[in-house]
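This is upload.txt. It holds compact mmCIF, C-alpha atoms.
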```
# COMPACT_ATOMS: atom_id res chain seq x y z
CA MET B 1 34.97 9.73 4.26
CA HIS B 2 31.66 11.22 3.15
CA ASN B 3 28.28 9.57 2.67
CA SER B 4 27.29 10.22 -0.93
CA ARG B 5 23.55 9.93 -0.29
CA ASP B 6 23.73 12.40 2.58
CA TYR B 7 25.62 14.80 0.36
CA ILE B 8 23.09 14.69 -2.49
CA ASN B 9 20.24 15.06 -0.02
CA ARG B 10 21.89 18.12 1.54
CA LEU B 11 22.39 19.50 -1.96
CA ALA B 12 18.69 19.03 -2.74
CA LYS B 13 17.69 21.03 0.34
CA ASN B 14 19.32 24.07 -1.25
CA ILE B 15 17.81 23.59 -4.71
CA LYS B 16 14.34 24.98 -5.24
CA PRO B 17 12.51 23.23 -8.09
CA ALA B 18 12.57 25.52 -11.13
CA MET B 19 8.85 25.05 -11.87
CA ALA B 20 7.51 24.78 -8.33
CA TYR B 21 3.86 25.70 -7.86
CA GLU B 22 3.35 28.50 -5.37
CA SER B 23 0.11 29.65 -3.78
CA GLY B 24 -1.34 32.59 -5.68
CA MET B 25 -0.21 31.41 -9.10
CA SER B 26 -2.83 30.87 -11.80
CA VAL B 27 -3.42 27.14 -11.53
CA GLU B 28 -4.59 26.80 -15.14
CA GLU B 29 -1.61 28.67 -16.59
CA TRP B 30 0.86 26.77 -14.42
CA GLN B 31 -0.72 23.45 -15.45
CA LYS B 32 -0.31 24.15 -19.17
CA GLU B 33 3.44 24.57 -18.87
CA ALA B 34 3.98 21.94 -16.17
CA ARG B 35 2.09 19.16 -17.96
CA GLY B 36 4.26 19.60 -21.04
CA LYS B 37 7.42 19.40 -18.95
CA LEU B 38 6.20 16.30 -17.09
CA GLU B 39 5.36 14.61 -20.39
CA GLU B 40 8.92 15.29 -21.55
CA LEU B 41 10.45 13.98 -18.33
CA LEU B 42 8.38 10.78 -18.52
CA GLY B 43 9.60 10.11 -22.05
CA LEU B 44 6.14 10.48 -23.57
CA PRO B 45 4.40 10.12 -25.90
CA LEU B 46 5.16 6.62 -27.13
CA VAL B 47 4.00 5.28 -30.51
CA THR B 48 0.25 5.00 -30.99
CA CYS B 49 -1.33 1.98 -32.67
CA PRO B 50 -4.67 0.16 -32.99
CA ALA B 51 -5.83 -1.35 -29.68
CA ASP B 52 -6.53 -4.80 -31.19
CA PHE B 53 -8.82 -5.43 -28.21
CA ARG B 54 -9.58 -9.11 -27.56
CA ILE B 55 -11.61 -10.86 -24.87
CA THR B 56 -9.73 -14.07 -24.16
CA LYS B 57 -11.92 -15.66 -21.48
CA GLU B 58 -15.28 -15.19 -19.78
CA THR B 59 -15.93 -16.58 -16.30
CA VAL B 60 -19.17 -16.35 -14.31
CA CYS B 61 -18.46 -15.99 -10.59
CA ASP B 62 -20.81 -15.64 -7.61
CA ASP B 63 -20.79 -11.84 -7.45
CA TYR B 64 -19.54 -10.84 -10.88
CA THR B 65 -18.68 -11.90 -14.38
CA ARG B 66 -14.99 -11.75 -15.23
CA TYR B 67 -13.78 -10.91 -18.71
CA ASP B 68 -10.07 -11.47 -19.30
CA PHE B 69 -8.85 -9.34 -22.17
CA THR B 70 -5.78 -7.92 -23.87
CA TYR B 71 -5.09 -4.75 -25.81
CA GLN B 72 -2.11 -3.42 -27.74
CA SER B 73 -0.52 -0.50 -25.91
CA GLU B 74 2.22 0.18 -28.42
CA PRO B 75 3.15 -1.74 -31.58
CA GLY B 76 3.71 -5.38 -30.66
CA TYR B 77 3.21 -4.90 -26.90
CA TYR B 78 0.03 -6.34 -25.39
CA MET B 79 -1.34 -5.72 -21.91
CA PRO B 80 -3.24 -8.40 -19.92
CA CYS B 81 -6.27 -7.21 -17.94
CA ALA B 82 -9.38 -8.53 -16.23
CA LEU B 83 -12.72 -6.74 -16.11
CA LEU B 84 -15.14 -7.58 -13.29
CA VAL B 85 -18.80 -6.65 -13.85
CA PRO B 86 -21.11 -6.99 -10.82
CA SER B 87 -23.82 -9.62 -11.30
CA ASN B 88 -26.54 -7.14 -10.40
CA ALA B 89 -25.33 -4.40 -12.75
CA GLN B 90 -28.10 -2.37 -14.34
CA GLY B 91 -26.48 -0.51 -17.21
CA PRO B 92 -22.98 1.03 -17.32
CA LEU B 93 -21.31 1.54 -13.93
CA PRO B 94 -18.35 3.60 -12.69
CA VAL B 95 -15.11 1.66 -12.89
CA ALA B 96 -12.11 1.35 -10.60
CA VAL B 97 -8.91 0.72 -12.57
CA CYS B 98 -6.68 -1.14 -10.12
CA LEU B 99 -2.88 -1.03 -10.24
CA GLN B 100 -0.83 -3.42 -8.14
CA GLY B 101 2.36 -2.22 -6.61
CA HIS B 102 5.53 -4.27 -6.36
CA SER B 103 4.06 -7.71 -6.00
CA THR B 104 3.72 -10.94 -7.94
CA GLY B 105 1.08 -9.49 -10.23
CA MET B 106 -2.44 -8.26 -10.89
CA HIS B 107 -3.98 -11.45 -9.47
CA ILE B 108 -3.51 -9.77 -6.07
CA SER B 109 -6.19 -7.23 -7.07
CA LEU B 110 -8.44 -10.16 -7.92
CA GLY B 111 -7.92 -11.72 -4.49
CA GLU B 112 -6.04 -14.71 -5.93
CA THR B 113 -2.96 -16.38 -4.49
CA LYS B 114 -0.40 -17.90 -6.84
CA PHE B 115 2.92 -17.53 -5.02
CA PRO B 116 4.21 -17.65 -1.44
CA GLY B 117 3.47 -14.41 0.36
CA ASP B 118 0.49 -13.45 -1.81
CA GLN B 119 -2.04 -13.85 1.00
CA GLU B 120 -0.07 -11.49 3.21
CA THR B 121 -0.11 -8.92 0.41
CA ILE B 122 -3.87 -9.34 -0.06
CA ASN B 123 -4.39 -8.96 3.68
CA GLY B 124 -2.92 -5.46 3.38
CA GLY B 125 -6.11 -4.31 1.65
CA ARG B 126 -4.70 -4.80 -1.84
CA ASP B 127 -7.47 -6.96 -3.34
CA PHE B 128 -8.67 -3.74 -4.98
CA ALA B 129 -10.87 -5.20 -7.71
CA VAL B 130 -12.81 -7.50 -5.39
CA ARG B 131 -13.51 -4.63 -3.00
CA ALA B 132 -14.53 -2.31 -5.87
CA VAL B 133 -17.21 -4.79 -6.93
CA LYS B 134 -18.50 -4.93 -3.35
CA GLU B 135 -18.74 -1.12 -3.47
CA GLY B 136 -20.95 -1.34 -6.58
CA PHE B 137 -18.31 -0.57 -9.20
CA CYS B 138 -16.96 -2.39 -12.19
CA ALA B 139 -13.27 -3.08 -11.76
CA ILE B 140 -10.33 -3.59 -14.10
CA ALA B 141 -7.16 -5.22 -12.84
CA MET B 142 -4.28 -4.27 -15.13
CA GLU B 143 -0.83 -5.81 -15.07
CA GLN B 144 2.06 -3.35 -14.86
CA ARG B 145 5.18 -3.49 -16.98
CA TYR B 146 8.12 -5.37 -15.48
CA MET B 147 5.85 -7.08 -12.97
CA GLY B 148 3.64 -10.16 -12.91
CA GLN B 149 2.83 -11.45 -16.40
CA CYS B 150 4.72 -8.47 -17.83
CA GLY B 151 7.86 -9.21 -15.85
CA PRO B 152 11.17 -10.63 -17.00
CA THR B 153 10.74 -13.83 -15.00
CA GLU B 154 8.08 -16.44 -14.37
CA SER B 155 9.00 -16.90 -10.72
CA GLY B 156 6.39 -14.53 -9.39
CA ALA B 157 9.12 -12.15 -8.26
CA PRO B 158 8.40 -8.46 -8.90
CA GLY B 159 11.07 -8.35 -11.56
CA CYS B 160 11.89 -4.63 -11.61
CA MET B 161 12.85 -4.56 -7.94
CA GLY B 162 16.40 -3.44 -7.36
CA HIS B 163 17.26 -6.52 -5.31
CA THR B 164 16.23 -8.93 -8.09
CA GLU B 165 16.49 -7.57 -11.61
CA ASN B 166 16.76 -4.01 -12.87
CA ALA B 167 14.81 -4.84 -16.02
CA SER B 168 13.09 -1.47 -16.12
CA MET B 169 16.38 0.43 -16.24
CA GLY B 170 16.92 -0.42 -19.90
CA ALA B 171 14.13 1.98 -20.78
CA LEU B 172 16.28 4.89 -19.61
CA LEU B 173 18.85 4.14 -22.31
CA LEU B 174 16.15 4.74 -24.91
CA GLY B 175 14.92 8.01 -23.43
CA ARG B 176 11.96 6.27 -21.80
CA THR B 177 11.01 5.67 -18.17
CA ALA B 178 9.18 2.77 -16.54
CA ILE B 179 6.69 5.19 -15.01
CA GLY B 180 6.12 6.80 -18.39
CA GLU B 181 5.51 3.42 -20.00
CA ARG B 182 3.04 2.49 -17.29
CA VAL B 183 1.24 5.83 -17.61
CA TRP B 184 0.99 5.23 -21.35
CA ASP B 185 -0.52 1.79 -20.71
CA VAL B 186 -3.17 3.38 -18.46
CA GLN B 187 -3.99 5.98 -21.09
CA ARG B 188 -4.40 3.34 -23.79
CA LEU B 189 -6.62 1.34 -21.42
CA ILE B 190 -8.85 4.39 -21.08
CA ASP B 191 -9.06 4.48 -24.88
CA VAL B 192 -10.28 0.88 -24.73
CA ILE B 193 -12.82 1.72 -22.04
CA GLU B 194 -14.18 4.52 -24.22
CA SER B 195 -14.30 2.46 -27.41
CA GLU B 196 -14.93 -1.15 -26.40
CA LEU B 197 -16.41 -1.36 -22.89
CA THR B 198 -19.18 1.24 -22.79
CA ASP B 199 -21.84 -1.48 -22.43
CA TYR B 200 -20.42 -2.14 -18.97
CA ILE B 201 -18.64 1.06 -17.95
CA ASP B 202 -19.59 4.70 -17.56
CA ALA B 203 -16.47 6.20 -19.15
CA GLY B 204 -17.15 9.52 -17.44
CA LYS B 205 -16.59 7.95 -14.02
CA ILE B 206 -13.17 6.32 -14.08
CA ILE B 207 -11.41 5.91 -10.73
CA LEU B 208 -7.71 5.14 -10.84
CA MET B 209 -6.26 3.58 -7.70
CA GLY B 210 -3.24 1.66 -6.49
CA ASN B 211 -0.86 1.13 -3.60
CA SER B 212 2.88 1.73 -3.48
CA GLY B 213 4.21 1.31 -7.05
CA GLY B 214 0.60 1.16 -8.20
CA GLY B 215 -0.07 4.37 -6.32
CA THR B 216 2.90 5.98 -8.04
CA VAL B 217 1.48 5.25 -11.50
CA THR B 218 -1.99 6.26 -10.31
CA PHE B 219 -0.54 9.62 -9.35
CA TYR B 220 1.39 10.34 -12.54
CA ALA B 221 -1.31 9.01 -14.87
CA SER B 222 -3.86 11.21 -13.11
CA CYS B 223 -1.58 14.19 -13.64
CA MET B 224 -1.32 13.44 -17.35
CA ASP B 225 -4.84 12.34 -18.29
CA GLU B 226 -7.87 14.44 -17.44
CA ARG B 227 -10.25 11.61 -18.35
CA ILE B 228 -9.51 10.11 -14.92
CA ALA B 229 -12.45 11.35 -12.87
CA LEU B 230 -11.04 10.50 -9.43
CA SER B 231 -7.50 9.69 -8.37
CA MET B 232 -6.79 7.57 -5.27
CA PRO B 233 -3.06 6.82 -4.87
CA SER B 234 -1.95 5.08 -1.70
CA CYS B 235 1.46 4.98 0.00
CA ALA B 236 3.20 6.65 -2.92
CA VAL B 237 2.98 10.45 -2.69
CA CYS B 238 5.66 12.13 -0.59
CA THR B 239 8.37 14.71 -1.14
CA TYR B 240 11.18 13.25 -3.24
CA ASP B 241 13.60 14.50 -0.58
CA ASP B 242 11.97 12.51 2.23
CA SER B 243 11.33 9.29 0.31
CA ILE B 244 12.74 8.44 -3.11
CA MET B 245 16.02 10.29 -2.50
CA ALA B 246 16.33 9.40 1.16
CA MET B 247 16.31 5.59 1.08
CA ASN B 248 16.46 2.53 -1.15
CA HIS B 249 13.59 2.32 -3.65
CA CYS B 250 12.96 0.27 -6.75
CA PRO B 251 14.74 1.90 -9.72
CA CYS B 252 11.43 2.23 -11.56
CA ASN B 253 10.48 5.07 -9.19
CA PHE B 254 13.12 7.37 -10.65
CA ILE B 255 12.38 9.96 -13.33
CA PRO B 256 15.60 11.61 -14.54
CA ASN B 257 15.80 15.35 -13.78
CA ILE B 258 12.35 15.63 -12.18
CA ARG B 259 13.58 17.10 -8.88
CA LYS B 260 15.28 19.84 -10.90
CA TYR B 261 11.83 21.11 -11.91
CA PHE B 262 9.30 19.84 -9.36
CA ASN B 263 8.81 18.30 -6.00
CA MET B 264 6.08 15.69 -5.85
CA GLY B 265 3.48 18.02 -4.38
CA ASP B 266 4.01 20.42 -7.29
CA VAL B 267 3.31 17.64 -9.78
CA GLY B 268 0.07 16.80 -7.98
CA VAL B 269 -1.31 20.25 -8.78
CA LEU B 270 -1.91 18.86 -12.28
CA ILE B 271 -4.77 16.76 -10.88
CA ALA B 272 -6.75 19.79 -9.66
CA PRO B 273 -9.69 20.32 -9.59
CA ARG B 274 -10.68 16.68 -10.16
CA PRO B 275 -11.47 14.68 -7.00
CA PHE B 276 -8.27 13.54 -5.31
CA VAL B 277 -8.01 11.13 -2.36
CA LEU B 278 -4.48 10.76 -1.07
CA VAL B 279 -4.16 7.68 1.15
CA CYS B 280 -1.18 6.99 3.38
CA GLY B 281 -0.14 5.01 6.44
CA GLU B 282 0.65 6.86 9.64
CA THR B 283 3.76 4.73 10.21
CA ASP B 284 4.74 3.99 6.59
CA PRO B 285 8.55 3.77 6.78
CA ILE B 286 9.26 4.46 3.09
CA PHE B 287 6.79 7.29 2.50
CA PRO B 288 7.12 9.21 5.79
CA LEU B 289 4.05 11.08 7.00
CA GLN B 290 5.84 14.43 7.25
CA GLY B 291 6.71 14.35 3.55
CA VAL B 292 3.20 13.16 2.66
CA LYS B 293 1.63 16.08 4.51
CA GLU B 294 4.03 18.57 2.95
CA SER B 295 3.13 17.32 -0.53
CA PHE B 296 -0.58 17.30 0.24
CA GLU B 297 -0.49 20.90 1.47
CA ILE B 298 0.87 22.08 -1.89
CA ILE B 299 -1.80 20.18 -3.79
CA GLU B 300 -4.53 21.34 -1.42
CA SER B 301 -3.50 24.98 -1.91
CA ALA B 302 -4.25 24.67 -5.63
CA TYR B 303 -7.69 23.26 -4.91
CA GLU B 304 -8.32 26.12 -2.49
CA SER B 305 -7.28 28.61 -5.17
CA LEU B 306 -9.86 27.06 -7.51
CA GLY B 307 -12.56 27.06 -4.84
CA LYS B 308 -12.63 23.24 -4.80
CA SER B 309 -10.94 22.38 -1.50
CA GLU B 310 -13.70 19.90 -0.64
CA LEU B 311 -12.52 17.69 -3.52
CA CYS B 312 -9.00 17.22 -2.10
CA ARG B 313 -8.78 14.80 0.85
CA LEU B 314 -6.02 13.18 2.88
CA VAL B 315 -6.82 9.78 4.42
CA ILE B 316 -4.32 8.61 7.05
CA GLY B 317 -4.59 4.93 7.93
CA ASN B 318 -3.60 3.65 11.36
CA GLY B 319 -0.68 1.53 10.20
CA GLY B 320 2.14 1.17 7.74
CA HIS B 321 2.72 0.56 4.04
CA GLN B 322 -0.63 -0.85 2.91
CA PHE B 323 -4.03 0.21 1.59
CA TYR B 324 -6.88 1.24 3.90
CA PRO B 325 -10.12 0.38 2.09
CA ASP B 326 -12.48 0.98 5.00
CA ASP B 327 -11.09 4.50 5.41
CA ALA B 328 -10.64 5.38 1.74
CA TRP B 329 -13.70 4.01 -0.06
CA PRO B 330 -16.34 6.10 1.77
CA VAL B 331 -14.41 9.26 0.85
CA ALA B 332 -14.02 8.22 -2.79
CA LYS B 333 -17.73 7.44 -3.12
CA GLU B 334 -18.64 10.75 -1.54
CA LEU B 335 -16.51 12.68 -4.03
CA LEU B 336 -17.46 10.73 -7.17
CA LYS B 337 -20.88 12.18 -7.82
```

Go through the file and emit its structure as C-alpha cells.
Amino acid sequence: MHNSRDYINRLAKNIKPAMAYESGMSVEEWQKEARGKLEELLGLPLVTCPADFRITKETVCDDYTRYDFTYQSEPGYYMPCALLVPSNAQGPLPVAVCLQGHSTGMHISLGETKFPGDQETINGGRDFAVRAVKEGFCAIAMEQRYMGQCGPTESGAPGCMGHTENASMGALLLGRTAIGERVWDVQRLIDVIESELTDYIDAGKIILMGNSGGGTVTFYASCMDERIALSMPSCAVCTYDDSIMAMNHCPCNFIPNIRKYFNMGDVGVLIAPRPFVLVCGETDPIFPLQGVKESFEIIESAYESLGKSELCRLVIGNGGHQFYPDDAWPVAKELLK
C-alpha cells in the first residue's frame, strides 16, 4: 500500500517550477512573462461590463458612515460591499479593502455577529474594516464568491469548504478558477473606487488585506493589479509543497498546473516593488512557518534586487491561524507614505 498524497509530495520535491524566479534575474523582464502566465492559470480575463454601481443603504454610526453598495463584476453578477467613511474624514482618505477568509461572510469585517461562532472569528483580529477606520482609513468590506451572501446556502456556512459543498469546483469545468473569479471581483471593485468613490477615497492609496482565504485572494490580486498600493495578506502565503499540497485545504485554493510553473514565493515577486507586508502566525498549523519564510525569502530577494528591501516586511504573530492587527498595522502605515 502506498499513500497517494505522500507520493505526489515526493514527486513535487524533484520538480523545479519551470518559471521560478531566481536571484540575479531581471525582475521587470521576469514579471512581464510571469504575469501573463499567472493570468492564464487563473482563467482570466473574464467578461467586462458596466459597473452599474448602486448605493443601497446609508447608515450613520458613531465613528463612521456606512454605505452599502453593489456593483456588477461580470454580466449579471453583482457583488455586495460596504464602505465605511470615518466621521472625521477631511477629504479623500486611503482605503483598506477587506477580504474575509472562510467564514460566514463579510459582516465579520464589520464586527457583526449573525451566526454561531462569529464572535470567535472576530476575536481572531478579523474585524478588518472596523480596525481600519480606527487607524484613520476608509474601509470596504467585500463579500467573496461562494461565501457569505455570495454562497450557495443561506445557513451562514462557508459554502465552498470541502467538508460542506464544493460549489466553487464547477468553475474549473469552464476553464475558470475560484481564485481567478475573486481576483476579478477585486479588480472591478478598484474600477468602482476610481470612478465612483473618489469623493471619499484616495485611489492612489489602496490597501488590500485579508486573512486565510481572504489573504490568498489579497496575494493573487496584488500580483495581478498594480493599482494596489500596499498588499497585506495574512496566514495564506507559504510554499505549495508545505501547505496546499501537504494537507486538506478548501478546493478553492487550487489553481490547476500552477506548481508546474511557480512556487508561491515566485508568484509573489509580481508584487515588487510595491509595499508588501506578509503576516503569519508562528504556530499556524496549515501555513507552516518554515514554508512561509522560504516563500518570503524569494520575494524579499526581488525587492533587494530593485533596491527596495525596506518595502518588504514579514510580521510573525505570536499565535496560530488568525490576523495580528497590533503587529501588522504599524508596519503597513509606515510603508504607505

**Residue nearest Thr216 in chain B among B:Leu44, B:Val267, B:Ala82, B:Leu335 (counting only C-alpha atoms)** = B:Val267

**Message:** Which polymer residues, whether protein, DNA or RNA, lie within 12 Å of the coordinate (0.7, 18.9, 0.1) when you count only C-alpha atoms? List them as a ChimeraX atom specification, using the chain letters and numbers from the file.
**Reply:** /B:21-23,237-239,263-269,276-278,289-304,312-314

**Message:** Just checking: using all atoms listed in the file, which residue out of B:Leu42, B:Cys81, B:Cys138, B:Ile122 ends up closest to Val192 in chain B?
**Reply:** B:Cys81

**Request:** Tell me which protein, DNA and RNA residues are within 8 Å of Gly136 in chain B, counting only C-alpha atoms, leaving out same-chain ones fewer than 4 positions away, and put them as a PyMOL selection string.
**Result:** chain B and resi 86+93+132

**Message:** Please report the interatomic distance between CA of Leu208 in chain B and CA of Ala139 in chain B in Å with one decimal.
**Reply:**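 Atom-to-atom, CA of Leu208 in chain B to CA of Ala139 in chain B, that is 10.0 Å.
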
**Request:** Calculate how many Å separate CA of Asn253 in chain B from CA of Arg182 in chain B, rounding to one decimal.
**Result:** 11.3 Å

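What separates CA of Phe137 in chain B from CA of Gly317 in chain B is a distance of 22.6 Å.
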
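Minimum distance to Gly204 in chain B across B:Pro92, B:Ser73, B:Cys61, B:Leu99 (counting all atoms listed in the file) occurs at B:Pro92.
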
**Message:** Show me, as a PyMOL selection string, the residues that have an atom within 7 Å of Gly281 in chain B when counting all atoms listed in the file, minus same-chain residues fewer than 3 positions from it.
**Reply:** chain B and resi 235+284+316-322

**Asked** Pick the closest to Pro50 in chain B from B:Gln100, B:Gly117, B:Arg5, B:Arg188: which is it, counting all atoms listed in the file?
**Response**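 Using all atoms listed in the file, the shortest distance to Pro50 in chain B belongs to B:Arg188.
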
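For the residues B:Ser87, B:Thr48, B:Ser305, B:Gln144, ranking by smallest atom-to-atom distance to Asp63 in chain B using only C-alpha atoms places B:Ser87 first.
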
**Asked** Nearest to Thr70 in chain B among B:Glu33, B:Asp225, B:Asp327, B:Glu196, with distances taken over only C-alpha atoms: which residue is it?
**Response**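 Checking each candidate against Thr70 in chain B, we get B:Glu196 as the closest.
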
**Request:** Identify, on the basis of only C-alpha atoms, every residue whose closest approach to Gln187 in chain B does not exceed 8 Å; exclude the query and any residue fewer than 3 positions from it along the same chain; express the result as a PyMOL selection string.
**Result:** chain B and resi 183-184+190-191+221+225

List the residues sitting within 10 Å of (-18.2, 11.6, -5.3) in the file's frame, using all atoms listed in the file, as a PDB file with C-alpha atoms, keeping the file's coordinate frame.
```
ATOM      1  CA  LYS B 205     -16.590   7.950 -14.020  1.00  0.00           C
ATOM      2  CA  ALA B 229     -12.450  11.350 -12.870  1.00  0.00           C
ATOM      3  CA  LEU B 230     -11.040  10.500  -9.430  1.00  0.00           C
ATOM      4  CA  PRO B 275     -11.470  14.680  -7.000  1.00  0.00           C
ATOM      5  CA  LEU B 311     -12.520  17.690  -3.520  1.00  0.00           C
ATOM      6  CA  PRO B 330     -16.340   6.100   1.770  1.00  0.00           C
ATOM      7  CA  VAL B 331     -14.410   9.260   0.850  1.00  0.00           C
ATOM      8  CA  ALA B 332     -14.020   8.220  -2.790  1.00  0.00           C
ATOM      9  CA  LYS B 333     -17.730   7.440  -3.120  1.00  0.00           C
ATOM     10  CA  GLU B 334     -18.640  10.750  -1.540  1.00  0.00           C
ATOM     11  CA  LEU B 335     -16.510  12.680  -4.030  1.00  0.00           C
ATOM     12  CA  LEU B 336     -17.460  10.730  -7.170  1.00  0.00           C
ATOM     13  CA  LYS B 337     -20.880  12.180  -7.820  1.00  0.00           C
TER      14      LYS B 337
END
```

**Message:** With only C-alpha atoms as the counted atoms, please give the residues lying no more than 8 Å from Ile201 in chain B, apart from itself and same-chain residues fewer than 2 positions off, as number ranges by chain.
**Reply:** B: 92-95, 138, 193, 197-199, 203

**Message:** What's around Cys223 in chain B at 6 Å? Count all atoms listed in the file, leave out sequence neighbours fewer than 3 positions away in its own chain, and write the answer as a PyMOL selection string.
**Reply:** chain B and resi 220+270-271

Just C-alpha atoms for this one: save the residues we selected as a PDB file, keeping the file's coordinate frame.
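part10.pdb was written with the following content:
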```pdb
ATOM      1  CA  TYR B 220       1.390  10.340 -12.540  1.00  0.00           C
ATOM      2  CA  LEU B 270      -1.910  18.860 -12.280  1.00  0.00           C
ATOM      3  CA  ILE B 271      -4.770  16.760 -10.880  1.00  0.00           C
TER       4      ILE B 271
END
```
